>>> print(open('run13.csv').read())   # CSV, C-alpha atoms and all ligand atoms
chain,number,residue,atom,x,y,z
O,6,MET,CA,108.2,47.4,-19.8
O,7,ASN,CA,110.8,45.2,-18.3
O,8,PRO,CA,109.8,42.5,-15.8
O,9,LYS,CA,111.4,44.4,-13.0
O,10,THR,CA,109.2,47.5,-13.6
O,11,GLN,CA,106.1,45.2,-14.0
O,12,PHE,CA,106.9,43.7,-10.6
O,13,SER,CA,107.3,46.9,-8.8
O,14,LEU,CA,104.1,48.2,-10.3
O,15,LEU,CA,102.2,45.2,-9.2
O,16,ALA,CA,103.8,45.4,-5.8
O,17,LEU,CA,102.7,49.0,-5.6
O,18,VAL,CA,99.1,48.2,-6.6
O,19,VAL,CA,99.0,45.5,-3.9
O,20,LEU,CA,100.5,47.8,-1.3
O,21,VAL,CA,97.9,50.5,-2.0
O,22,PHE,CA,95.2,47.8,-1.6
O,23,VAL,CA,96.7,46.7,1.7
O,24,LEU,CA,96.9,50.3,3.0
O,25,SER,CA,93.3,51.0,2.1
O,26,SER,CA,92.0,47.8,3.6
O,27,SER,CA,94.0,48.5,6.8
O,28,SER,CA,92.4,51.9,7.1
O,29,SER,CA,89.0,50.2,6.9
O,30,VAL,CA,90.2,48.1,9.8
O,31,ASN,CA,90.7,51.3,11.8
O,32,ALA,CA,87.4,53.0,10.7
O,33,LEU,CA,84.9,53.8,13.4
O,34,ASN,CA,82.2,52.1,11.4
O,35,ILE,CA,79.5,53.9,13.3
O,36,LEU,CA,76.5,52.0,11.9
O,37,GLN,CA,78.0,48.7,13.0
O,38,GLN,CA,78.8,50.1,16.5
O,39,LEU,CA,75.2,51.2,17.0
O,40,LYS,CA,73.7,48.0,15.7
O,41,GLY,CA,71.5,46.4,18.3
O,42,TYR,CA,70.9,49.7,20.2
O,43,ASP,CA,67.3,49.6,19.0
O,44,ASN,CA,66.2,52.5,21.1
O,45,TYR,CA,68.3,54.8,18.8
O,46,GLY,CA,67.0,53.0,15.7
O,47,ALA,CA,65.5,56.1,14.2
O,48,PHE,CA,68.6,58.2,14.9
O,49,VAL,CA,70.7,55.5,13.3
O,50,ASP,CA,68.4,55.5,10.3
O,51,LEU,CA,69.0,59.2,9.9
O,52,LEU,CA,72.8,58.7,10.1
O,53,ASN,CA,72.3,56.2,7.3
O,54,GLN,CA,69.9,58.1,5.1
O,55,THR,CA,71.8,61.4,5.3
O,56,LYS,CA,75.1,59.5,4.7
O,57,LEU,CA,76.5,61.3,7.7
O,58,TYR,CA,77.9,57.9,8.8
O,59,GLN,CA,80.5,58.2,6.1
O,60,LYS,CA,81.7,61.6,7.5
O,61,ILE,CA,81.8,60.1,10.9
O,62,ASN,CA,83.7,57.1,9.8
O,63,GLU,CA,86.4,59.4,8.4
O,64,ARG,CA,87.1,60.7,11.9
O,65,ASN,CA,89.2,59.3,14.7
O,66,THR,CA,87.6,61.1,17.6
O,67,VAL,CA,83.9,61.5,17.9
O,68,THR,CA,81.2,61.9,20.5
O,69,ILE,CA,77.7,61.1,19.4
O,70,LEU,CA,74.8,62.8,21.2
O,71,ALA,CA,72.2,60.1,20.5
O,72,LEU,CA,68.5,60.7,20.6
O,73,THR,CA,66.0,57.9,21.4
O,74,ASN,CA,63.1,57.1,19.1
O,75,ALA,CA,60.9,59.1,21.4
O,76,THR,CA,62.9,62.3,21.5
O,77,ILE,CA,63.8,62.3,17.8
O,78,ALA,CA,60.2,62.1,16.8
O,79,SER,CA,59.9,65.8,17.3
O,80,ILE,CA,62.2,66.5,14.3
O,81,GLN,CA,61.0,63.7,12.0
O,82,GLY,CA,58.6,65.9,10.1
O,83,ARG,CA,61.3,68.5,9.1
O,84,SER,CA,63.0,68.9,5.7
O,85,ASP,CA,65.9,66.7,4.8
O,86,ASP,CA,68.3,69.6,4.9
O,87,GLU,CA,67.1,70.6,8.4
O,88,LYS,CA,67.4,67.0,9.6
O,89,LEU,CA,70.9,66.8,8.2
O,90,ALA,CA,71.9,70.0,9.9
O,91,ILE,CA,70.4,68.9,13.2
O,92,ILE,CA,71.8,65.4,13.2
O,93,SER,CA,75.3,66.6,12.3
O,94,SER,CA,75.1,69.0,15.2
O,95,HIS,CA,74.9,65.9,17.4
O,96,VAL,CA,78.3,64.7,16.3
O,97,LEU,CA,81.0,66.3,18.4
O,98,LEU,CA,84.5,66.3,17.0
O,99,ASP,CA,86.1,65.5,20.4
O,100,TYR,CA,85.9,62.6,22.9
O,101,PHE,CA,83.8,63.1,26.0
O,102,ASP,CA,82.9,60.3,28.3
O,103,LYS,CA,81.4,60.7,31.7
O,104,ILE,CA,84.7,61.1,33.4
O,105,LYS,CA,85.8,63.9,31.1
O,106,LEU,CA,82.4,65.6,31.3
O,107,ASN,CA,82.7,65.6,35.1
O,108,LYS,CA,86.0,67.4,34.8
O,109,ILE,CA,84.6,70.3,32.8
O,110,SER,CA,85.3,73.3,35.1
O,111,LYS,CA,82.2,75.3,34.0
O,112,SER,CA,81.5,75.1,30.3
O,113,VAL,CA,83.2,74.3,27.0
O,114,GLU,CA,82.4,75.0,23.4
O,115,ILE,CA,82.9,72.0,21.1
O,116,THR,CA,83.1,71.8,17.3
O,117,THR,CA,80.5,69.7,15.6
O,118,LEU,CA,80.3,67.9,12.3
O,119,TYR,CA,77.9,70.6,11.2
O,120,GLN,CA,80.7,73.1,11.4
O,121,SER,CA,82.8,71.1,9.0
O,122,SER,CA,79.9,71.1,6.4
O,123,GLY,CA,80.7,74.7,5.7
O,124,ALA,CA,77.0,75.6,6.0
O,125,ALA,CA,77.2,76.9,9.6
O,126,ASN,CA,76.9,80.6,10.4
O,127,ASP,CA,78.2,82.3,13.6
O,128,GLU,CA,78.4,79.7,16.3
O,129,GLN,CA,75.8,77.3,14.8
O,130,GLY,CA,78.5,74.7,14.3
O,131,PHE,CA,79.4,74.5,18.0
O,132,VAL,CA,77.8,73.0,21.0
O,133,ASN,CA,78.1,74.4,24.5
O,134,ILE,CA,78.5,71.8,27.2
O,135,THR,CA,77.9,73.1,30.7
O,136,ARG,CA,78.5,71.4,34.0
O,137,LEU,CA,76.3,72.7,36.8
O,138,SER,CA,77.6,72.7,40.3
O,139,SER,CA,75.0,70.0,41.0
O,140,GLY,CA,77.0,67.8,38.6
O,141,GLN,CA,74.3,67.9,36.0
O,142,ILE,CA,75.6,68.1,32.4
O,143,LEU,CA,73.7,70.3,29.9
O,144,PHE,CA,74.1,70.7,26.2
O,145,GLY,CA,72.9,73.5,23.9
O,146,SER,CA,73.8,75.4,20.8
O,147,ALA,CA,76.8,77.7,21.3
O,148,MET,CA,74.9,80.5,19.6
O,149,LYS,CA,74.5,83.6,21.7
O,150,LYS,CA,71.5,83.3,24.0
O,151,ALA,CA,70.7,79.9,22.8
O,152,PRO,CA,69.2,77.8,25.7
O,153,LEU,CA,70.9,74.7,27.0
O,154,VAL,CA,68.0,72.5,26.1
O,155,ALA,CA,69.4,69.0,26.5
O,156,ARG,CA,70.7,67.2,29.5
O,157,LEU,CA,72.9,64.1,29.7
O,158,GLU,CA,70.8,61.1,30.3
O,159,LYS,CA,73.4,58.4,30.2
O,160,GLU,CA,76.6,57.2,28.7
O,161,VAL,CA,75.6,54.5,26.2
O,162,PHE,CA,79.0,53.1,25.5
O,163,THR,CA,82.6,54.3,24.9
O,164,LYS,CA,85.6,53.2,22.9
O,165,PRO,CA,88.2,55.3,24.6
O,166,TYR,CA,89.4,57.6,23.2
O,167,ASN,CA,87.9,57.4,19.7
O,168,LEU,CA,84.2,57.1,20.2
O,169,SER,CA,81.7,57.9,22.9
O,170,VAL,CA,78.0,57.6,22.6
O,171,LEU,CA,75.9,59.6,25.0
O,172,GLN,CA,72.1,59.8,25.3
O,173,VAL,CA,70.7,63.3,25.6
O,174,SER,CA,67.2,64.4,26.5
O,175,LEU,CA,66.3,66.6,23.5
O,176,PRO,CA,67.4,67.5,20.0
O,177,ILE,CA,69.9,70.4,20.0
O,178,ILE,CA,68.9,72.9,17.3
O,179,ALA,CA,70.9,76.0,16.7
O,180,PRO,CA,68.8,79.1,16.2
O,181,GLY,CA,68.6,79.7,12.4
O,182,ILE,CA,68.7,76.0,11.5
O,183,GLY,CA,65.1,75.5,12.5
O,184,GLU,CA,62.6,75.9,15.3
O,185,VAL,CA,64.2,75.3,18.6
O,186,ILE,CA,62.7,72.7,20.9
O,187,LEU,CA,62.6,73.7,24.5
O,188,PRO,CA,62.3,71.4,27.4
O,189,PRO,CA,58.9,71.4,29.2
O,190,PRO,CA,58.9,73.9,32.1
O,191,PRO,CA,59.7,72.2,35.3
O,192,PRO,CA,56.7,71.4,37.4
O,193,PRO,CA,56.3,73.4,40.6
O,194,PHE,CA,58.4,71.8,43.3
O,195,THR,CA,56.6,69.5,45.6
O,196,PRO,CA,58.3,67.5,48.2
O,197,PRO,CA,58.3,63.8,47.1
O,198,PRO,CA,55.4,62.0,48.8
O,199,SER,CA,56.0,58.7,50.5
O,200,GLU,CA,55.5,56.7,47.3
O,201,SER,CA,58.0,57.1,44.5
O,202,PRO,CA,57.1,59.9,42.0
O,203,LYS,CA,59.2,58.1,39.4
O,204,LYS,CA,56.5,55.6,38.7
O,205,SER,CA,54.5,58.0,36.6
O,206,ASN,CA,56.7,58.2,33.5
O,207,ASP,CA,60.2,57.7,32.1
O,208,ASP,CA,61.3,60.6,30.0
O,209,GLU,CA,60.5,64.2,30.1
O,210,GLU,CA,59.3,64.6,33.6
O,211,GLU,CA,62.6,63.2,35.0
O,212,GLU,CA,63.8,66.7,34.3
O,213,GLU,CA,62.9,67.9,37.7
O,214,SER,CA,63.5,64.9,39.8
O,215,VAL,CA,65.9,65.9,42.5
O,216,SER,CA,68.2,63.0,41.9
O,217,PRO,CA,71.6,62.7,43.3
O,218,ALA,CA,74.1,64.7,41.3
O,219,GLU,CA,75.9,61.6,40.1
O,220,ALA,CA,74.4,59.5,37.4
O,221,PRO,CA,70.9,60.9,37.2
O,222,ALA,CA,70.9,59.2,33.9
O,223,ASP,CA,70.6,55.7,35.2
O,224,SER,CA,67.7,56.3,37.5
O,225,PRO,CA,64.9,56.3,34.8
O,226,GLU,CA,66.1,52.8,33.8
O,227,SER,CA,66.3,51.2,37.2
O,228,GLY,CA,63.3,53.0,38.6
O,229,SER,CA,61.0,52.3,35.7
O,230,PRO,CA,58.5,49.5,36.0
O,231,ALA,CA,59.1,48.9,32.3
O,232,PRO,CA,55.5,49.2,31.2
O,233,SER,CA,56.2,48.7,27.5
O,234,PRO,CA,58.5,46.6,25.5
O,235,VAL,CA,59.9,49.8,24.1
O,236,ALA,CA,61.4,50.7,27.4
O,237,ASP,CA,63.0,47.3,27.5
O,238,ALA,CA,64.8,47.7,24.3
O,239,ASP,CA,67.4,49.8,26.0
O,240,ALA,CA,68.1,47.2,28.7
O,241,PRO,CA,71.7,46.5,27.8
O,242,GLY,CA,72.4,50.2,28.5
O,243,PRO,CA,72.9,50.4,32.2
O,244,ALA,CA,75.1,47.4,32.4
O,245,THR,CA,77.6,48.7,29.9
O,246,GLU,CA,80.0,51.4,31.0
O,247,ASN,CA,82.1,50.1,28.2
O,248,GLU,CA,81.0,48.1,25.2
O,249,VAL,CA,80.5,44.4,25.7
O,250,ASP,CA,78.1,43.1,23.1
O,251,THR,CA,79.3,43.7,19.6
O,252,PRO,CA,79.5,40.4,17.9
O,253,ALA,CA,79.0,42.2,14.6
O,254,ASP,CA,82.1,44.3,15.3
O,255,THR,CA,84.3,41.3,16.0
O,256,THR,CA,83.3,39.6,12.8
O,257,THR,CA,84.0,42.6,10.6
O,258,GLY,CA,87.2,43.1,12.4
O,259,SER,CA,88.5,39.6,11.9
O,260,GLY,CA,87.1,39.6,8.3
O,261,ALA,CA,89.0,42.7,7.5
O,262,SER,CA,92.2,41.5,9.2
O,263,ARG,CA,92.0,38.3,7.3
O,264,VAL,CA,92.0,40.3,4.1
O,265,PHE,CA,94.9,42.3,5.5
O,266,VAL,CA,97.0,39.2,6.3
O,267,GLY,CA,96.2,37.7,3.0
O,268,ALA,CA,97.2,40.8,1.1
O,269,ALA,CA,100.3,41.2,3.3
O,270,THR,CA,101.4,37.7,2.4
O,271,ALA,CA,100.9,38.5,-1.3
O,272,VAL,CA,103.1,41.5,-1.0
O,273,MET,CA,105.8,39.5,0.8
O,274,ALA,CA,105.7,36.9,-1.9
O,275,LEU,CA,106.0,39.6,-4.5
O,276,VAL,CA,108.8,41.4,-2.7
O,277,PHE,CA,110.7,38.1,-2.4
O,278,ASN,CA,110.1,37.3,-6.0
O,279,PHE,CA,111.3,40.8,-6.9
O,280,LEU,CA,114.5,40.4,-4.9
O,301,LIG,C1,63.1,52.7,16.9
O,301,LIG,O1,62.8,53.1,15.5
O,301,LIG,C2,63.4,52.3,14.5
O,301,LIG,C3,63.1,52.9,13.2
O,301,LIG,O2,62.1,53.7,13.1
O,301,LIG,C4,62.8,50.9,14.7
O,301,LIG,O3,63.4,50.0,13.7
O,301,LIG,C5,63.1,50.4,16.1
O,301,LIG,O4,62.5,49.1,16.3
O,301,LIG,C6,62.6,51.3,17.1
O,301,LIG,N1,63.0,50.9,18.4
O,301,LIG,C7,62.3,50.9,19.5
O,301,LIG,C8,62.9,50.4,20.8
O,301,LIG,O5,61.1,51.3,19.4
O,302,LIG,C1,71.3,51.8,5.5
O,302,LIG,O1,70.4,52.0,4.4
O,302,LIG,C2,70.5,51.0,3.4
O,302,LIG,C3,69.5,51.4,2.3
O,302,LIG,O2,69.4,52.7,2.1
O,302,LIG,C4,70.1,49.7,4.0
O,302,LIG,O3,70.3,48.7,3.0
O,302,LIG,C5,71.1,49.3,5.1
O,302,LIG,O4,70.6,48.1,5.8
O,302,LIG,C6,71.0,50.5,6.1
O,302,LIG,N1,72.0,50.2,7.2
O,302,LIG,C7,71.7,50.2,8.5
O,302,LIG,C8,72.8,49.8,9.4
O,302,LIG,O5,70.6,50.6,8.9
O,303,LIG,C1,91.7,56.1,17.4
O,303,LIG,O1,92.5,57.3,17.4
O,303,LIG,C2,93.8,57.1,17.1
O,303,LIG,C3,94.5,58.4,17.3
O,303,LIG,O2,93.6,59.5,17.3
O,303,LIG,C4,94.0,56.6,15.7
O,303,LIG,O3,95.3,56.4,15.4
O,303,LIG,C5,93.2,55.3,15.5
O,303,LIG,O4,93.2,54.9,14.2
O,303,LIG,C6,91.7,55.5,16.0
O,303,LIG,N1,91.0,54.3,15.9
O,303,LIG,C7,89.8,54.2,15.3
O,303,LIG,C8,89.1,52.9,15.4
O,303,LIG,O5,89.4,55.2,14.7
O,304,LIG,C1,77.7,78.1,27.7
O,304,LIG,O1,76.4,78.5,28.0
O,304,LIG,C2,76.3,79.2,29.3
O,304,LIG,C3,74.8,79.4,29.6
O,304,LIG,O2,74.3,80.1,28.5
O,304,LIG,C4,77.2,80.4,29.3
O,304,LIG,O3,77.1,81.0,30.6
O,304,LIG,C5,78.6,80.0,29.0
O,304,LIG,O4,79.4,81.2,28.9
O,304,LIG,C6,78.7,79.3,27.7
O,304,LIG,N1,80.0,78.8,27.6
O,304,LIG,C7,80.8,79.0,26.5
O,304,LIG,C8,82.2,78.3,26.5
O,304,LIG,O5,80.4,79.6,25.5
>>> encode(input="run13.csv", output="C-alpha cells")
Amino acid sequence: MNPKTQFSLLALVVLVFVLSSSSSVNALNILQQLKGYDNYGAFVDLLNQTKLYQKINERNTVTILALTNATIASIQGRSDDEKLAIISSHVLLDYFDKIKLNKISKSVEITTLYQSSGAANDEQGFVNITRLSSGQILFGSAMKKAPLVARLEKEVFTKPYNLSVLQVSLPIIAPGIGEVILPPPPPPFTPPPSESPKKSNDDEEEEESVSPAEAPADSPESGSPAPSPVADADAPGPATENEVDTPADTTTGSGASRVFVGAATAVMALVFNFL
C-alpha cells in the first residue's frame, strides 16, 4: 500500500467517525430531554427498559403522548410485550404542538411507532386525534369503534418541529393489544356551587369540569392546592411553553460538538497533509 492510499484510507476512517458523531449531535436523545420531568419518571423508565428510546432517537419528527406516574400505574402489571406495544403507541411519527392540534379541522389519523414495529394489525398502529367543537382534544386508537379514551391535559414542552411532548389523561390501548382502559363515567352535571369544585382532586375528575375551551390542561395545576409533594414535581410544567431548563442537554450538545470540532480539525490536517 503506498502512502497516498494509506492517507486516503485514514482520512476516510476519520470522515466516517466525524459523520457518525455529527449525527449523534442531531439525535433527539429522548431520555436526556425528559430528564428532570419527574412526574413522567415511570414512563421514561419504560422507554428505557423497552429500548424504545433508541427507536425514537432514530427519528427526526416525533410527538410523545406522555403518561404521568399516576396514569401509567394502570398498565404496570401487564406483560413486557403488552407494555412495549402500549408505550410505542404513545409515540406519534409526526409533530403536534398545541397550535397544530388546534388547527385540526375534525380528526386525523396519525401513524405511531407501534405501526413501524410490524406487529400491528388493522389500524392498531394508528392514533385518532379528534378536536371537539369545544376545543377539547381527544386521543384514541384508530381501530374501528375504539373509544377516544384520552384527552390532552397539557403541552409539556416542544422543540419545533422535531419533538413535542404532550401529557394525556389515560393510556391509549388499541383493541387486541390488551384490555382497554376507559375513562370514568362523567359525574352527573351539577352547577358549580359557590366554592370551587376543583379543590377535591387533581386528575380523573377534571374530566367533567366545564373549563373554558382553551387550555383546560393548565387548570389542574394552577387550581390545585398541591396537597402532596408529588403534585409539585410537575411544577416547571405550566411555565414552559417551550423548553427552558435542560442543562443536561446543553452539556451533551457542547461535548458532542467539541468532539466534532476536534475530529474536523484532524480531517483538515490530514487533507492538507495529503495535498
Ligand atoms: C415517578 O416514578 C419514578 C419511577 O417509578 C420515580 O423515580 C419518580 O420519583 C416518580 N415521580 C413522582 C413525581 O412521583
Ligand atoms: C436506563 O437504564 C439503565 C440500566 O438499565 C440505567 O443505567 C440508566 O440510568 C437509565 N437511564 C435513564 C435516563 O433512566
Ligand atoms: C429536525 O428535523 C430536521 C428535518 O426534519 C432534521 O434535519 C434535523 O436533524 C432534526 N433535528 C433533530 C434534533 O432531530
Ligand atoms: C376519529 O374518531 C371519531 C370518533 O370515533 C370518528 O368519528 C372519526 O371518523 C375518526 N377519524 C378518523 C380520521 O378516523
>>> residues_near_ligand(input="run13.csv", ligand="ligand LIG 303 (chain O)", cutoff="6 Å", atoms="all atoms listed in the file", output="list of chain:residue names")
O:Asn31, O:Ala32, O:Leu33, O:Asn65, O:Asn167
>>> residues_around(input="run13.csv", residues="Phe144 in chain O", least_positions_apart="5", cutoff="8 Å", atoms="only C-alpha atoms", output="PDB file with C-alpha atoms, in the frame of the given file")
ATOM      1  CA  VAL O 132      77.800  73.000  21.000  1.00  0.00           C
ATOM      2  CA  ASN O 133      78.100  74.400  24.500  1.00  0.00           C
ATOM      3  CA  ILE O 134      78.500  71.800  27.200  1.00  0.00           C
ATOM      4  CA  THR O 135      77.900  73.100  30.700  1.00  0.00           C
ATOM      5  CA  LEU O 153      70.900  74.700  27.000  1.00  0.00           C
ATOM      6  CA  VAL O 154      68.000  72.500  26.100  1.00  0.00           C
ATOM      7  CA  ALA O 155      69.400  69.000  26.500  1.00  0.00           C
ATOM      8  CA  ARG O 156      70.700  67.200  29.500  1.00  0.00           C
ATOM      9  CA  LEU O 157      72.900  64.100  29.700  1.00  0.00           C
ATOM     10  CA  ILE O 177      69.900  70.400  20.000  1.00  0.00           C
TER      11      ILE O 177
END
>>> residues_near_ligand(input="run13.csv", ligand="ligand LIG 302 (chain O)", cutoff="8 Å", atoms="only C-alpha atoms and all ligand atoms", output="PyMOL selection string")
chain O and resi 36-37+40+49-50+53-54
>>> atom_distance(input="run13.csv", atom1="CA of Tyr100 in chain O", atom2="CA of Thr117 in chain O")
11.5 Å
>>> closest_residue(input="run13.csv", among="O:Leu57, O:Glu63, O:Gly82, O:Val173", to="Val161 in chain O", atoms="all atoms listed in the file")
O:Val173
>>> residues_near_ligand(input="run13.csv", ligand="ligand LIG 304 (chain O)", cutoff="8 Å", atoms="only C-alpha atoms and all ligand atoms", output="list in words")
Lys111, Ser112, Val113, Glu114, Asn133, Ile134, Thr135, Gly145, Ala147, Lys149, Lys150, Ala151, Pro152 and Leu153 of chain O
>>> closest_residue(input="run13.csv", among="O:Ile69, O:Val170, O:Ala78, O:Leu175", to="ligand LIG 301 (chain O)", atoms="only C-alpha atoms and all ligand atoms")
O:Ala78
>>> atom_distance(input="run13.csv", atom1="CA of Tyr42 in chain O", atom2="CA of Ser169 in chain O")
13.8 Å
>>> atom_distance(input="run13.csv", atom1="atom C4 of ligand LIG 301 (chain O)", atom2="CA of Tyr45 in chain O")
7.9 Å
>>> closest_residue(input="run13.csv", among="O:Lys164, O:Lys88, O:Lys108, O:Lys103", to="Val67 in chain O", atoms="all atoms listed in the file")
O:Lys164
>>> closest_residue(input="run13.csv", among="O:Leu106, O:Pro190, O:Gly46, O:Asp85", to="Glu160 in chain O", atoms="only C-alpha atoms")
O:Leu106
>>> residues_near_point(input="run13.csv", point="(78.2, 67.7, 9.3)", cutoff="12 Å", atoms="all atoms listed in the file", output="PyMOL selection string")
chain O and resi 52+55-64+86-98+116-125+129-131
>>> write_last_selection(input="run13.csv", atoms="C-alpha atoms", output="CSV table (one decimal), in the coordinates of the input")
chain,number,residue,atom,x,y,z
O,52,LEU,CA,72.8,58.7,10.1
O,55,THR,CA,71.8,61.4,5.3
O,56,LYS,CA,75.1,59.5,4.7
O,57,LEU,CA,76.5,61.3,7.7
O,58,TYR,CA,77.9,57.9,8.8
O,59,GLN,CA,80.5,58.2,6.1
O,60,LYS,CA,81.7,61.6,7.5
O,61,ILE,CA,81.8,60.1,10.9
O,62,ASN,CA,83.7,57.1,9.8
O,63,GLU,CA,86.4,59.4,8.4
O,64,ARG,CA,87.1,60.7,11.9
O,86,ASP,CA,68.3,69.6,4.9
O,87,GLU,CA,67.1,70.6,8.4
O,88,LYS,CA,67.4,67.0,9.6
O,89,LEU,CA,70.9,66.8,8.2
O,90,ALA,CA,71.9,70.0,9.9
O,91,ILE,CA,70.4,68.9,13.2
O,92,ILE,CA,71.8,65.4,13.2
O,93,SER,CA,75.3,66.6,12.3
O,94,SER,CA,75.1,69.0,15.2
O,95,HIS,CA,74.9,65.9,17.4
O,96,VAL,CA,78.3,64.7,16.3
O,97,LEU,CA,81.0,66.3,18.4
O,98,LEU,CA,84.5,66.3,17.0
O,116,THR,CA,83.1,71.8,17.3
O,117,THR,CA,80.5,69.7,15.6
O,118,LEU,CA,80.3,67.9,12.3
O,119,TYR,CA,77.9,70.6,11.2
O,120,GLN,CA,80.7,73.1,11.4
O,121,SER,CA,82.8,71.1,9.0
O,122,SER,CA,79.9,71.1,6.4
O,123,GLY,CA,80.7,74.7,5.7
O,124,ALA,CA,77.0,75.6,6.0
O,125,ALA,CA,77.2,76.9,9.6
O,129,GLN,CA,75.8,77.3,14.8
O,130,GLY,CA,78.5,74.7,14.3
O,131,PHE,CA,79.4,74.5,18.0
>>> residues_around(input="run13.csv", residues="Asn107 in chain O", least_positions_apart="6", cutoff="9 Å", atoms="only C-alpha atoms", output="PyMOL selection string")
chain O and resi 136+140-142
>>> decode(input="run13.csv", residues="range 149-161 of chain O", atoms="N, CA, C and O atoms", output="PDB file, in the first residue's frame")
ATOM      1  N   LYS O 149     -61.482   0.598  14.423  1.00  0.00           N
ATOM      2  CA  LYS O 149     -62.922   0.836  14.296  1.00  0.00           C
ATOM      3  C   LYS O 149     -63.601   0.700  15.662  1.00  0.00           C
ATOM      4  O   LYS O 149     -63.351  -0.257  16.400  1.00  0.00           O
ATOM      5  N   LYS O 150     -64.422   1.672  15.961  1.00  0.00           N
ATOM      6  CA  LYS O 150     -65.239   1.665  17.181  1.00  0.00           C
ATOM      7  C   LYS O 150     -64.428   1.806  18.471  1.00  0.00           C
ATOM      8  O   LYS O 150     -64.994   1.725  19.557  1.00  0.00           O
ATOM      9  N   ALA O 151     -63.132   2.006  18.350  1.00  0.00           N
ATOM     10  CA  ALA O 151     -62.363   2.207  19.589  1.00  0.00           C
ATOM     11  C   ALA O 151     -62.711   3.582  20.158  1.00  0.00           C
ATOM     12  O   ALA O 151     -62.831   4.546  19.409  1.00  0.00           O
ATOM     13  N   PRO O 152     -62.891   3.644  21.480  1.00  0.00           N
ATOM     14  CA  PRO O 152     -63.253   4.923  22.081  1.00  0.00           C
ATOM     15  C   PRO O 152     -62.059   5.882  22.163  1.00  0.00           C
ATOM     16  O   PRO O 152     -60.913   5.448  22.218  1.00  0.00           O
ATOM     17  N   LEU O 153     -62.359   7.162  22.133  1.00  0.00           N
ATOM     18  CA  LEU O 153     -61.314   8.188  22.301  1.00  0.00           C
ATOM     19  C   LEU O 153     -61.133   8.373  23.805  1.00  0.00           C
ATOM     20  O   LEU O 153     -61.771   9.206  24.434  1.00  0.00           O
ATOM     21  N   VAL O 154     -60.264   7.555  24.377  1.00  0.00           N
ATOM     22  CA  VAL O 154     -60.198   7.462  25.839  1.00  0.00           C
ATOM     23  C   VAL O 154     -59.426   8.587  26.518  1.00  0.00           C
ATOM     24  O   VAL O 154     -59.669   8.905  27.673  1.00  0.00           O
ATOM     25  N   ALA O 155     -58.464   9.159  25.782  1.00  0.00           N
ATOM     26  CA  ALA O 155     -57.570  10.103  26.460  1.00  0.00           C
ATOM     27  C   ALA O 155     -57.821  11.524  25.986  1.00  0.00           C
ATOM     28  O   ALA O 155     -58.214  11.760  24.852  1.00  0.00           O
ATOM     29  N   ARG O 156     -57.592  12.455  26.922  1.00  0.00           N
ATOM     30  CA  ARG O 156     -57.686  13.843  26.470  1.00  0.00           C
ATOM     31  C   ARG O 156     -56.372  14.548  26.731  1.00  0.00           C
ATOM     32  O   ARG O 156     -55.589  14.141  27.584  1.00  0.00           O
ATOM     33  N   LEU O 157     -56.161  15.595  25.957  1.00  0.00           N
ATOM     34  CA  LEU O 157     -54.939  16.383  26.129  1.00  0.00           C
ATOM     35  C   LEU O 157     -55.022  17.108  27.456  1.00  0.00           C
ATOM     36  O   LEU O 157     -55.979  17.817  27.729  1.00  0.00           O
ATOM     37  N   GLU O 158     -54.030  16.896  28.301  1.00  0.00           N
ATOM     38  CA  GLU O 158     -54.001  17.628  29.563  1.00  0.00           C
ATOM     39  C   GLU O 158     -53.106  18.849  29.467  1.00  0.00           C
ATOM     40  O   GLU O 158     -53.447  19.902  29.978  1.00  0.00           O
ATOM     41  N   LYS O 159     -51.949  18.666  28.842  1.00  0.00           N
ATOM     42  CA  LYS O 159     -51.124  19.859  28.603  1.00  0.00           C
ATOM     43  C   LYS O 159     -49.968  19.570  27.659  1.00  0.00           C
ATOM     44  O   LYS O 159     -49.604  18.415  27.436  1.00  0.00           O
ATOM     45  N   GLU O 160     -49.443  20.659  27.133  1.00  0.00           N
ATOM     46  CA  GLU O 160     -48.223  20.573  26.353  1.00  0.00           C
ATOM     47  C   GLU O 160     -47.090  20.674  27.360  1.00  0.00           C
ATOM     48  O   GLU O 160     -47.012  21.644  28.102  1.00  0.00           O
ATOM     49  N   VAL O 161     -46.251  19.655  27.418  1.00  0.00           N
ATOM     50  CA  VAL O 161     -45.179  19.664  28.415  1.00  0.00           C
ATOM     51  C   VAL O 161     -44.009  20.519  27.931  1.00  0.00           C
ATOM     52  O   VAL O 161     -43.582  21.444  28.607  1.00  0.00           O
TER      53      VAL O 161
END
